[in-house]
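Asker: Here you go, upload-v2.txt (compact mmCIF, C-alpha atoms and all ligand atoms):
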```
# COMPACT_ATOMS: atom_id res chain seq x y z
CA MET F 1 20.87 -33.53 -0.26
CA SER F 2 23.77 -31.33 -1.38
CA GLN F 3 23.05 -27.71 -2.14
CA ILE F 4 23.53 -26.73 -5.76
CA ASN F 5 24.17 -23.06 -6.52
CA PRO F 6 22.40 -21.55 -3.49
CA VAL F 7 20.91 -18.16 -4.29
CA GLN F 8 23.06 -15.38 -2.88
CA THR F 9 22.24 -11.69 -2.90
CA ALA F 10 23.99 -8.60 -1.59
CA GLU F 11 22.52 -6.98 1.49
CA ILE F 12 21.12 -3.68 0.33
CA LEU F 13 19.58 -1.03 2.54
CA LEU F 14 16.26 -0.52 0.79
CA MET F 15 15.42 3.17 1.13
CA GLY F 16 13.44 3.49 -2.08
CA PRO F 17 9.66 3.51 -2.53
CA GLY F 18 9.46 -0.20 -1.64
CA PRO F 19 10.23 -2.92 -0.99
CA SER F 20 11.72 -1.95 2.34
CA ASN F 21 13.89 -4.17 4.50
CA SER F 22 11.70 -6.47 6.49
CA MET F 23 10.77 -6.44 10.17
CA PRO F 24 12.71 -8.71 12.55
CA GLY F 25 11.68 -12.36 12.34
CA VAL F 26 10.24 -12.20 8.82
CA LEU F 27 13.01 -13.93 6.87
CA GLN F 28 13.42 -16.60 9.56
CA ALA F 29 9.67 -17.31 9.41
CA MET F 30 10.03 -18.01 5.69
CA SER F 31 12.37 -20.90 6.34
CA GLU F 32 9.64 -22.85 8.19
CA PRO F 33 8.34 -25.94 6.36
CA VAL F 34 5.71 -25.61 3.65
CA LEU F 35 2.15 -26.34 4.81
CA SER F 36 -0.71 -27.08 2.51
CA HIS F 37 -3.45 -24.53 2.12
CA LEU F 38 -6.06 -26.53 4.11
CA ASP F 39 -3.78 -27.87 6.83
CA PRO F 40 -5.36 -27.14 10.25
CA ASP F 41 -2.23 -25.30 11.40
CA PHE F 42 -2.26 -23.22 8.24
CA LEU F 43 -5.89 -22.26 8.82
CA LYS F 44 -4.93 -21.07 12.31
CA ILE F 45 -2.24 -18.90 10.71
CA MET F 46 -4.86 -17.40 8.40
CA ASP F 47 -7.15 -16.64 11.35
CA GLU F 48 -4.34 -14.86 13.15
CA ILE F 49 -3.43 -12.88 10.02
CA LYS F 50 -7.06 -11.78 9.69
CA GLU F 51 -7.17 -10.64 13.31
CA HIS F 52 -3.94 -8.61 12.95
CA LEU F 53 -5.12 -7.08 9.68
CA GLN F 54 -8.34 -5.92 11.36
CA TYR F 55 -6.14 -4.28 13.99
CA LEU F 56 -3.97 -2.66 11.31
CA PHE F 57 -6.86 -1.43 9.17
CA VAL F 58 -8.70 -0.41 12.37
CA THR F 59 -11.81 -2.29 11.27
CA GLN F 60 -14.16 -4.91 12.62
CA SER F 61 -15.06 -6.01 9.10
CA PRO F 62 -15.05 -9.78 8.59
CA HIS F 63 -14.39 -9.11 4.89
CA THR F 64 -10.69 -8.66 5.62
CA TYR F 65 -7.96 -10.91 4.22
CA VAL F 66 -4.81 -11.06 2.11
CA VAL F 67 -4.89 -11.88 -1.57
CA SER F 68 -1.97 -13.81 -3.01
CA GLY F 69 -0.30 -11.26 -5.19
CA PRO F 70 1.31 -7.81 -5.02
CA GLY F 71 -0.46 -4.52 -4.30
CA SER F 72 -1.50 -4.39 -7.94
CA LEU F 73 -3.64 -7.49 -7.39
CA GLY F 74 -5.31 -5.81 -4.43
CA MET F 75 -6.09 -2.84 -6.67
CA GLU F 76 -7.54 -5.06 -9.38
CA THR F 77 -9.52 -7.06 -6.80
CA CYS F 78 -11.26 -3.90 -5.58
CA PHE F 79 -12.09 -2.67 -9.08
CA VAL F 80 -13.09 -5.99 -10.61
CA ASN F 81 -15.53 -6.64 -7.77
CA LEU F 82 -17.02 -3.19 -7.34
CA VAL F 83 -17.21 -1.78 -10.85
CA GLU F 84 -19.92 -2.79 -13.27
CA SER F 85 -20.02 -1.65 -16.85
CA GLY F 86 -21.67 1.77 -17.08
CA ASP F 87 -21.18 2.66 -13.39
CA LYS F 88 -20.39 6.31 -12.86
CA ILE F 89 -17.13 6.71 -10.95
CA ILE F 90 -15.16 9.70 -9.75
CA CYS F 91 -11.45 8.88 -10.11
CA CYS F 92 -9.10 11.15 -8.19
CA HIS F 93 -5.67 11.19 -9.74
CA ASN F 94 -2.68 13.31 -8.87
CA GLY F 95 0.13 10.86 -9.62
CA TYR F 96 1.17 7.62 -11.26
CA PHE F 97 -0.88 5.30 -9.04
CA GLY F 98 -4.04 7.41 -9.24
CA ASP F 99 -3.66 7.11 -13.03
CA ARG F 100 -3.42 3.32 -12.60
CA MET F 101 -6.70 3.27 -10.63
CA HIS F 102 -8.26 5.34 -13.40
CA GLU F 103 -7.02 2.80 -15.96
CA ASN F 104 -8.55 -0.06 -13.93
CA ALA F 105 -11.93 1.69 -13.75
CA LYS F 106 -11.78 2.29 -17.51
CA ARG F 107 -11.04 -1.36 -18.31
CA TYR F 108 -14.08 -2.52 -16.34
CA GLY F 109 -16.31 -0.20 -18.34
CA ALA F 110 -16.90 2.62 -15.87
CA GLU F 111 -18.12 6.02 -16.95
CA ILE F 112 -15.34 8.12 -15.43
CA ILE F 113 -15.39 11.61 -13.99
CA SER F 114 -11.77 12.65 -13.39
CA VAL F 115 -10.71 14.87 -10.54
CA THR F 116 -7.06 15.72 -10.97
CA ALA F 117 -4.44 17.83 -9.23
CA GLU F 118 -0.98 18.86 -10.30
CA TRP F 119 1.71 16.30 -9.29
CA GLY F 120 3.00 17.31 -5.87
CA LYS F 121 -0.36 18.76 -4.75
CA PRO F 122 -3.21 16.96 -2.94
CA ILE F 123 -6.67 16.45 -4.42
CA SER F 124 -8.84 19.50 -3.67
CA LEU F 125 -11.94 18.75 -1.59
CA ASP F 126 -13.80 21.53 -3.42
CA ASP F 127 -13.10 19.75 -6.71
CA VAL F 128 -14.46 16.49 -5.30
CA GLU F 129 -17.57 18.20 -3.94
CA ASN F 130 -18.07 19.90 -7.28
CA ALA F 131 -17.74 16.58 -9.15
CA PHE F 132 -20.48 15.08 -6.94
CA ASN F 133 -22.70 18.16 -7.33
CA THR F 134 -22.48 18.21 -11.11
CA ASN F 135 -22.95 14.45 -11.69
CA ILE F 136 -25.95 12.48 -10.52
CA ASN F 137 -25.93 8.83 -9.49
CA VAL F 138 -22.19 8.47 -8.85
CA LYS F 139 -21.63 4.92 -7.56
CA LEU F 140 -18.01 5.07 -6.49
CA ILE F 141 -15.02 7.31 -5.90
CA SER F 142 -11.40 6.15 -5.92
CA VAL F 143 -8.33 7.79 -4.42
CA VAL F 144 -4.75 7.00 -3.41
CA HIS F 145 -4.03 7.73 0.24
CA ALA F 146 -0.23 7.95 -0.05
CA GLU F 147 0.77 8.73 -3.65
CA THR F 148 4.16 7.04 -4.00
CA SER F 149 5.08 8.86 -7.20
CA THR F 150 5.01 12.29 -5.56
CA GLY F 151 5.11 11.85 -1.78
CA VAL F 152 1.67 13.46 -1.39
CA LYS F 153 -0.99 12.49 1.14
CA ASN F 154 -4.59 12.87 0.00
CA ASP F 155 -7.19 13.66 2.64
CA VAL F 156 -8.97 10.32 2.50
CA GLU F 157 -10.98 10.94 5.67
CA ALA F 158 -12.55 14.10 4.21
CA ILE F 159 -13.05 12.55 0.75
CA ALA F 160 -14.83 9.59 2.38
CA LYS F 161 -17.18 12.01 4.17
CA LEU F 162 -18.11 13.56 0.82
CA ALA F 163 -18.65 10.09 -0.64
CA LYS F 164 -21.05 9.18 2.18
CA LYS F 165 -22.90 12.49 1.84
CA HIS F 166 -23.51 11.72 -1.84
CA GLY F 167 -24.31 8.01 -1.37
CA ALA F 168 -21.18 6.68 -3.10
CA LEU F 169 -18.76 3.95 -2.04
CA ILE F 170 -15.03 4.70 -1.79
CA ILE F 171 -12.04 2.62 -2.91
CA VAL F 172 -8.75 3.60 -1.27
CA ASP F 173 -5.23 2.67 -2.33
CA ALA F 174 -3.32 2.24 0.93
CA VAL F 175 -0.29 0.50 -0.59
CA THR F 176 2.17 3.05 0.83
CA ALA F 177 -0.11 4.15 3.70
CA LEU F 178 -0.98 1.05 5.72
CA GLY F 179 1.16 0.70 8.83
CA ALA F 180 2.88 4.03 8.21
CA ILE F 181 0.30 6.80 8.68
CA PRO F 182 -3.12 6.88 10.40
CA LEU F 183 -5.74 5.04 8.38
CA LYS F 184 -8.99 4.19 10.18
CA VAL F 185 -11.25 2.16 7.95
CA ASP F 186 -14.40 1.96 10.10
CA GLU F 187 -14.20 5.42 11.66
CA TRP F 188 -13.61 7.07 8.26
CA GLY F 189 -16.22 4.92 6.50
CA LEU F 190 -13.96 3.38 3.83
CA ASP F 191 -15.52 0.66 1.66
CA ALA F 192 -12.68 -1.07 -0.15
CA VAL F 193 -9.05 -0.67 0.84
CA TYR F 194 -6.01 -2.52 -0.46
CA SER F 195 -2.35 -2.46 0.48
CA CYS F 196 0.84 -4.48 0.08
CA SER F 197 3.13 -6.55 2.27
CA GLN F 198 6.49 -4.95 1.48
CA LYS F 199 6.25 -1.37 2.73
CA GLY F 200 4.64 -0.25 6.01
CA ILE F 201 3.99 -3.82 7.11
CA GLY F 202 7.63 -4.75 6.61
CA SER F 203 7.14 -8.22 5.19
CA VAL F 204 8.46 -9.40 1.81
CA PRO F 205 6.80 -8.44 -1.51
CA GLY F 206 3.97 -10.50 -2.93
CA MET F 207 0.88 -10.22 -0.73
CA SER F 208 -1.93 -7.72 -0.68
CA PRO F 209 -4.10 -7.10 2.39
CA VAL F 210 -7.64 -6.01 1.48
CA THR F 211 -10.73 -5.07 3.45
CA PHE F 212 -14.31 -4.44 2.35
CA SER F 213 -17.21 -2.82 4.22
CA GLN F 214 -20.56 -4.60 4.45
CA ALA F 215 -21.97 -2.09 1.94
CA ALA F 216 -19.21 -2.95 -0.55
CA PHE F 217 -19.70 -6.68 -0.01
CA ASP F 218 -23.46 -6.31 -0.54
CA LYS F 219 -22.83 -4.43 -3.78
CA VAL F 220 -20.79 -7.39 -5.03
CA LEU F 221 -23.53 -9.85 -3.94
CA ASN F 222 -26.10 -7.80 -5.85
CA ARG F 223 -24.19 -7.37 -9.11
CA LYS F 224 -26.17 -7.75 -12.32
CA ASN F 225 -23.45 -10.03 -13.72
CA PRO F 226 -20.92 -12.23 -11.90
CA VAL F 227 -17.51 -10.74 -11.14
CA PRO F 228 -15.57 -11.28 -14.41
CA SER F 229 -12.61 -12.84 -12.55
CA TRP F 230 -13.35 -16.06 -10.65
CA PHE F 231 -10.00 -15.94 -8.82
CA GLN F 232 -10.66 -12.44 -7.52
CA ASP F 233 -14.37 -12.73 -6.78
CA ILE F 234 -14.48 -11.86 -3.06
CA THR F 235 -17.76 -13.70 -2.50
CA VAL F 236 -15.94 -16.90 -3.55
CA TYR F 237 -12.64 -16.05 -1.84
CA GLU F 238 -14.36 -15.11 1.42
CA LYS F 239 -15.40 -18.74 1.94
CA TYR F 240 -11.73 -19.76 2.16
CA TRP F 241 -11.24 -17.19 4.94
CA ALA F 242 -14.47 -17.91 6.83
CA THR F 243 -13.42 -18.75 10.35
CA GLN F 244 -16.48 -20.75 11.41
CA THR F 245 -17.27 -23.05 8.50
CA ALA F 246 -15.49 -25.83 6.66
CA ARG F 247 -13.27 -24.07 4.18
CA PRO F 248 -13.25 -25.00 0.51
CA TYR F 249 -10.12 -25.07 -1.63
CA HIS F 250 -9.64 -21.77 -3.39
CA HIS F 251 -6.01 -21.75 -4.55
CA THR F 252 -2.72 -23.18 -3.32
CA ALA F 253 -1.78 -20.45 -0.89
CA PRO F 254 1.93 -19.49 -0.83
CA SER F 255 2.55 -20.64 2.74
CA GLN F 256 5.93 -18.94 3.18
CA GLN F 257 4.42 -15.58 2.25
CA TYR F 258 1.76 -16.10 4.89
CA TYR F 259 4.36 -16.91 7.56
CA ALA F 260 6.29 -13.80 6.58
CA ILE F 261 3.35 -11.43 6.80
CA LEU F 262 2.27 -13.02 10.07
CA ALA F 263 5.72 -12.44 11.60
CA ALA F 264 5.66 -8.79 10.48
CA LEU F 265 2.11 -8.26 11.78
CA ARG F 266 3.01 -9.79 15.14
CA HIS F 267 5.95 -7.41 15.35
CA ILE F 268 3.73 -4.40 14.62
CA LYS F 269 1.19 -5.54 17.21
CA SER F 270 3.91 -5.95 19.83
CA ILE F 271 4.98 -2.33 19.32
CA GLY F 272 1.50 -0.84 18.86
CA LEU F 273 0.04 0.95 15.87
CA GLU F 274 -0.01 4.48 17.33
CA LYS F 275 3.61 4.13 18.34
CA ILE F 276 4.56 2.94 14.84
CA TRP F 277 2.78 5.94 13.25
CA ASN F 278 4.66 8.26 15.62
CA GLN F 279 7.99 6.61 14.85
CA HIS F 280 7.44 7.41 11.15
CA ILE F 281 6.84 11.09 11.98
CA GLU F 282 9.86 11.27 14.27
CA ILE F 283 12.36 9.59 11.95
CA SER F 284 11.12 11.43 8.91
CA ALA F 285 11.46 14.76 10.76
CA TYR F 286 15.06 13.82 11.56
CA PHE F 287 15.69 13.01 7.87
CA PHE F 288 14.03 16.29 6.77
CA GLN F 289 16.14 18.32 9.16
CA GLU F 290 19.39 16.61 8.13
CA MET F 291 18.67 16.97 4.40
CA THR F 292 17.56 20.62 4.56
CA SER F 293 20.64 21.47 6.63
CA ARG F 294 22.67 20.04 3.72
CA GLY F 295 20.80 22.31 1.29
CA TRP F 296 18.40 19.74 -0.21
CA LYS F 297 14.83 20.80 -0.98
CA PHE F 298 11.68 18.68 -0.75
CA PHE F 299 9.05 18.45 -3.49
CA VAL F 300 6.16 18.40 -0.98
CA GLU F 301 5.92 20.45 2.17
CA GLY F 302 3.27 21.10 4.81
CA ASP F 303 0.38 18.81 5.79
CA ALA F 304 0.37 16.89 2.50
CA LYS F 305 3.97 15.68 2.93
CA LEU F 306 4.18 11.96 3.68
CA PRO F 307 6.64 10.94 6.40
CA GLN F 308 7.23 7.50 4.90
CA LEU F 309 7.85 8.55 1.29
CA ASN F 310 10.09 11.56 0.86
CA THR F 311 10.58 13.21 -2.50
CA VAL F 312 13.82 15.20 -2.56
CA LEU F 313 14.55 17.49 -5.48
CA LEU F 314 17.86 16.84 -7.22
CA PRO F 315 20.19 19.85 -7.10
CA GLU F 316 21.18 21.63 -10.33
CA GLY F 317 23.80 19.57 -12.25
CA PHE F 318 23.36 16.46 -10.07
CA ASP F 319 23.54 13.30 -12.16
CA ASP F 320 20.57 11.12 -11.26
CA ALA F 321 21.50 7.77 -12.81
CA SER F 322 25.22 7.66 -12.00
CA ASN F 323 24.65 8.75 -8.40
CA ARG F 324 21.92 6.17 -7.86
CA THR F 325 24.25 3.52 -9.28
CA LYS F 326 27.02 4.68 -6.95
CA MET F 327 24.65 4.57 -3.98
CA ARG F 328 23.71 0.99 -4.88
CA ASN F 329 27.10 -0.41 -5.86
CA GLU F 330 29.50 1.40 -3.54
CA PHE F 331 27.38 2.11 -0.48
CA LYS F 332 24.75 -0.66 -0.78
CA VAL F 333 21.87 1.77 -0.41
CA GLU F 334 18.91 1.84 -2.78
CA VAL F 335 16.93 5.02 -3.42
CA GLY F 336 14.12 5.41 -5.94
CA ALA F 337 14.19 7.43 -9.15
CA GLY F 338 11.39 9.84 -10.02
CA LEU F 339 8.42 8.30 -11.84
CA GLY F 340 6.93 9.57 -15.07
CA SER F 341 7.37 13.31 -15.53
CA MET F 342 9.45 13.50 -12.32
CA PHE F 343 12.15 11.16 -13.67
CA GLY F 344 15.55 12.85 -13.35
CA LYS F 345 14.09 15.59 -11.15
CA LEU F 346 13.78 13.91 -7.77
CA TRP F 347 14.62 10.89 -5.68
CA ARG F 348 12.03 8.96 -3.75
CA ILE F 349 13.26 7.97 -0.33
CA GLY F 350 11.20 5.53 1.67
CA ILE F 351 11.48 5.24 5.43
CA MET F 352 9.27 2.23 6.00
CA GLY F 353 9.06 -1.30 7.37
CA GLY F 354 12.28 -2.37 9.08
CA ASN F 355 14.00 0.93 8.25
CA VAL F 356 12.06 3.31 10.46
CA ASN F 357 15.05 4.07 12.65
CA LYS F 358 17.89 6.56 12.96
CA GLU F 359 20.55 3.96 12.06
CA ALA F 360 19.06 3.36 8.61
CA VAL F 361 18.70 7.10 7.96
CA ASP F 362 22.29 7.72 9.12
CA GLN F 363 23.57 5.04 6.73
CA LEU F 364 21.65 6.70 3.91
CA LEU F 365 22.94 10.18 4.83
CA LYS F 366 26.51 8.90 5.01
CA ALA F 367 26.17 7.52 1.48
CA ILE F 368 24.71 10.80 0.18
CA ASP F 369 27.55 12.72 1.87
CA ASN F 370 30.09 10.59 0.03
CA LEU F 371 28.68 10.96 -3.49
C1 LIG T 1 0.38 3.69 -4.25
C2 LIG T 1 0.70 2.38 -4.92
N1 LIG T 1 -0.31 1.65 -5.44
C3 LIG T 1 -0.07 0.47 -6.02
C4 LIG T 1 1.20 -0.06 -6.12
C5 LIG T 1 1.41 -1.40 -6.75
O1 LIG T 1 1.92 -2.29 -5.78
P1 LIG T 1 2.81 -3.57 -6.20
O2 LIG T 1 4.06 -3.04 -6.83
O3 LIG T 1 3.04 -4.28 -4.89
O4 LIG T 1 1.99 -4.33 -7.15
C6 LIG T 1 2.27 0.67 -5.61
C7 LIG T 1 3.65 0.16 -5.71
O5 LIG T 1 4.59 0.73 -5.25
C8 LIG T 1 2.01 1.91 -4.98
O6 LIG T 1 3.01 2.63 -4.46
```
For the structure just supplied, provide its representation as structure tokens.
Answerer:
Amino acid sequence: MSQINPVQTAEILLMGPGPSNSMPGVLQAMSEPVLSHLDPDFLKIMDEIKEHLQYLFVTQSPHTYVVSGPGSLGMETCFVNLVESGDKIICCHNGYFGDRMHENAKRYGAEIISVTAEWGKPISLDDVENAFNTNINVKLISVVHAETSTGVKNDVEAIAKLAKKHGALIIVDAVTALGAIPLKVDEWGLDAVYSCSQKGIGSVPGMSPVTFSQAAFDKVLNRKNPVPSWFQDITVYEKYWATQTARPYHHTAPSQQYYAILAALRHIKSIGLEKIWNQHIEISAYFFQEMTSRGWKFFVEGDAKLPQLNTVLLPEGFDDASNRTKMRNEFKVEVGAGLGSMFGKLWRIGIMGGNVNKEAVDQLLKAIDNL
């Protein structure tokens, strides 16, 4: 068969908030033949993905899988399953994605107690404790681990401890965290965690790893009403991922996406999770040092600064849009604009996935030097 208008794209170094360039082997894996969603070889691929995701989330939970959709679907899957109308929920929000979690909780009818912090600052543990102390019968708390809009890390481990102390479950957004910074689902006692395929994991966009604790799964089993979305009901979906039983059809899984995430997960496993976390710290420290020596300032400093998502403040008189366009068109490097109220004030620079190395940072720095 002759090829008609093959798709061609420029090779861009993706140093924005995601997607990042993929890990070695990912794009090749996508050119393998399509398999159907119940093919025995495909089921083996799913089993291996599950095993690697348990390694990555640092969990033994069998309620661990990918859902076929972007990080936003992972977010919605957690909320649609765990929130029932009238449930009291503490929503932590100190950025764009915390606001999105808040919006999800609202749409499923939660009674929301907001704990906010100024953009660029982490959620205060005292504020969380206070929210629990002044509200009885809180069922859930939600928080973003790595807030991509600001470059802030929230102390999920400590927030989870407060949740346990007050008998609440915790939903964690790990879209920009998973595979980049320490995240230990079982040890920290996290109940529902979702991520994406295109950042720390270094696959292509379009898949969302999720994991649920037994307590979270039991809450879904004991709902008063069925989960309003059949497609996202984890008690239905789980059967498709059950490793021991005959698996029913759930949906036509996007096989190429599965191959891609498997290739990326194998790559991570071959390097080792601790080593990957350390590489992020090392390369980000190099970037920080190079940028500050050029006079650039960072929006977040200290313990709350994420290594994988750097927010650099734009110098006085620096034209955001035209310089980003120049970076993209002349130097083939993508950086991210500020979100919401930070638009025009900062750039978001991701060092994730296949770009956690000095070569990628040097290419980025060279482009910035030539603006
Ligand atoms: C923290 C966070 N949550 C959720 C999302 C949504 O993920 P996606 O764009 O893959 O749907 C993003 C996207 O960048 C994110 O950074």
Asker: Looking at all atoms listed in the file, which of F:Asp47, F:Asp127, F:Glu316, F:Glu11 is the one that sits closest to Ile159 of chain F?
Answerer: F:Asp127
Asker: Which chains and residue numbers are within 8 Å of ligand LIG 1 (chain T), counting all atoms listed in the file, if I want them as a VMD selection string?
Answerer: chain F and resid 17 to 19 69 to 75 97 to 98 100 144 to 149 173 to 177 195 to 198 205 to 208
Asker: If I take atom CA of Ile181 of chain F and atom CA of Ile276 of chain F, how far is one from the other in Å, to one decimal?
Answerer: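 Going from atom CA of Ile181 of chain F over to atom CA of Ile276 of chain F, I get 8.4 Å.
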Asker: Please identify all polymer residues within 12 Å of Gly189 of chain F, counting only C-alpha atoms, omitting same-chain residues fewer than 4 positions from it, and present them as number ranges by chain.
Answerer: F: 57-61, 156-165, 167-172, 183-185, 193, 211-216
Asker: Contacts of segment 79-81 of chain F at 7 Å or less, counting all atoms listed in the file, minus same-chain residues fewer than 6 places along, as a ChimeraX atom specification?
Answerer: /F:104-105,108,220,227-228,233
Asker: What does the distance from atom CA of Ser20 of chain F to atom CA of Leu309 of chain F come to in Å, to one decimal?
Answerer: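 Computed distance, atom CA of Ser20 of chain F to atom CA of Leu309 of chain F, equals 11.2 Å.
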Asker: Write out as a list in words the residues lying within 9 Å of Asn310 of chain F, counting only C-alpha atoms and excluding same-chain residues fewer than 5 positions away.
Answerer: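 Returned residues: Pro17, Thr148, Thr150, Gly151, Val152, Ser284, Phe288, Phe298, Phe299, Val300, Lys305, Trp347, Arg348, Ile349, Gly350 and Ile351 of chain F.
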Asker: Quick one: 3 Å padding each side, axis-aligned, all listed atoms of segment 40-53 of chain F - centre and edge lengths in Å to one decimal, as lines of an AutoDock Vina configuration file?
Answerer:
```
center_x = -4.7
center_y = -17.1
center_z = 10.8
size_x = 10.9
size_y = 26.1
size_z = 11.1
```
Asker: Find, counting only C-alpha atoms, the residue in F:Asp41, F:Glu111, F:Glu51, F:Glu32 that gets nearest to Lys269 of chain F.
Answerer: F:Glu51
Asker: Please report the interatomic distance between atom CA of Ala10 of chain F and atom CA of Val356 of chain F in Å with one decimal.
Answerer: 20.7 Å
Asker: Counting only C-alpha atoms, which residues have an atom no more than 12 Å from (3.9, 7.8, 14.2) in the file's coordinates? Please list them as a ChimeraX atom specification.
Answerer: /F:177-183,200,271-285,306-308,351-352,356-357
Asker: Which residue out of F:Phe42, F:Phe343, F:Trp188, F:Trp119 has the minimum interatomic distance to Gln257 of chain F when only C-alpha atoms are used?
Answerer: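 For Gln257 of chain F, the nearest of the candidates is F:Phe42.
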Asker: Counting only C-alpha atoms, figure out which residue out of F:Glu103, F:Tyr258, F:Tyr240, F:Glu118 gets nearest to Ser341 of chain F.
Answerer: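 Checking each of F:Glu103, F:Tyr258, F:Tyr240, F:Glu118 against Ser341 of chain F, counting only C-alpha atoms, the winner is F:Glu118.
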Asker: Using all atoms listed in the file, which residue out of F:Phe231, F:Val138, F:Asn222, F:Thr64 lies closest to Thr252 of chain F?
Answerer: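 Using all atoms listed in the file, the shortest distance to Thr252 of chain F belongs to F:Phe231.
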Asker: For each of F:Glu129, F:Pro248, F:Ser293, F:Val143, take the minimum atom-to-atom distance to Tyr96 of chain F, counting only C-alpha atoms, then give the residue where this is smallest.
Answerer: F:Val143
Asker: Compile the contact shell of Met23 of chain F as a list in words: residues with an atom at most 10 Å away, counting only C-alpha atoms, same-chain residues fewer than 5 positions apart removed.
Answerer: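 Once the adjacent positions are removed, what remains is Gln198, Gly200, Ile201, Gly202, Ser203, Val204, Ala260, Ile261, Ala263, Ala264, Leu265, Arg266, His267, Ile268, Met352, Gly353, Gly354, Asn355 and Val356 of chain F.
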Asker: Just the residues within 12 Å of Asp39 of chain F, please, counting only C-alpha atoms, with nothing from its chain fewer than 3 positions along; format it as a PyMOL selection string.
Answerer: chain F and resi 34-36+42-46+246-249+252-253+255
Asker: Would you save the residues of that selection, restricted to C-alpha atoms, as a PDB file, in the coordinates of the input?
Answerer:
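To be explicit, this is the file written out as result29.pdb:
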```
ATOM      1  CA  VAL F  34       5.710 -25.610   3.650  1.00  0.00           C
ATOM      2  CA  LEU F  35       2.150 -26.340   4.810  1.00  0.00           C
ATOM      3  CA  SER F  36      -0.710 -27.080   2.510  1.00  0.00           C
ATOM      4  CA  PHE F  42      -2.260 -23.220   8.240  1.00  0.00           C
ATOM      5  CA  LEU F  43      -5.890 -22.260   8.820  1.00  0.00           C
ATOM      6  CA  LYS F  44      -4.930 -21.070  12.310  1.00  0.00           C
ATOM      7  CA  ILE F  45      -2.240 -18.900  10.710  1.00  0.00           C
ATOM      8  CA  MET F  46      -4.860 -17.400   8.400  1.00  0.00           C
ATOM      9  CA  ALA F 246     -15.490 -25.830   6.660  1.00  0.00           C
ATOM     10  CA  ARG F 247     -13.270 -24.070   4.180  1.00  0.00           C
ATOM     11  CA  PRO F 248     -13.250 -25.000   0.510  1.00  0.00           C
ATOM     12  CA  TYR F 249     -10.120 -25.070  -1.630  1.00  0.00           C
ATOM     13  CA  THR F 252      -2.720 -23.180  -3.320  1.00  0.00           C
ATOM     14  CA  ALA F 253      -1.780 -20.450  -0.890  1.00  0.00           C
ATOM     15  CA  SER F 255       2.550 -20.640   2.740  1.00  0.00           C
TER      16      SER F 255
END
```
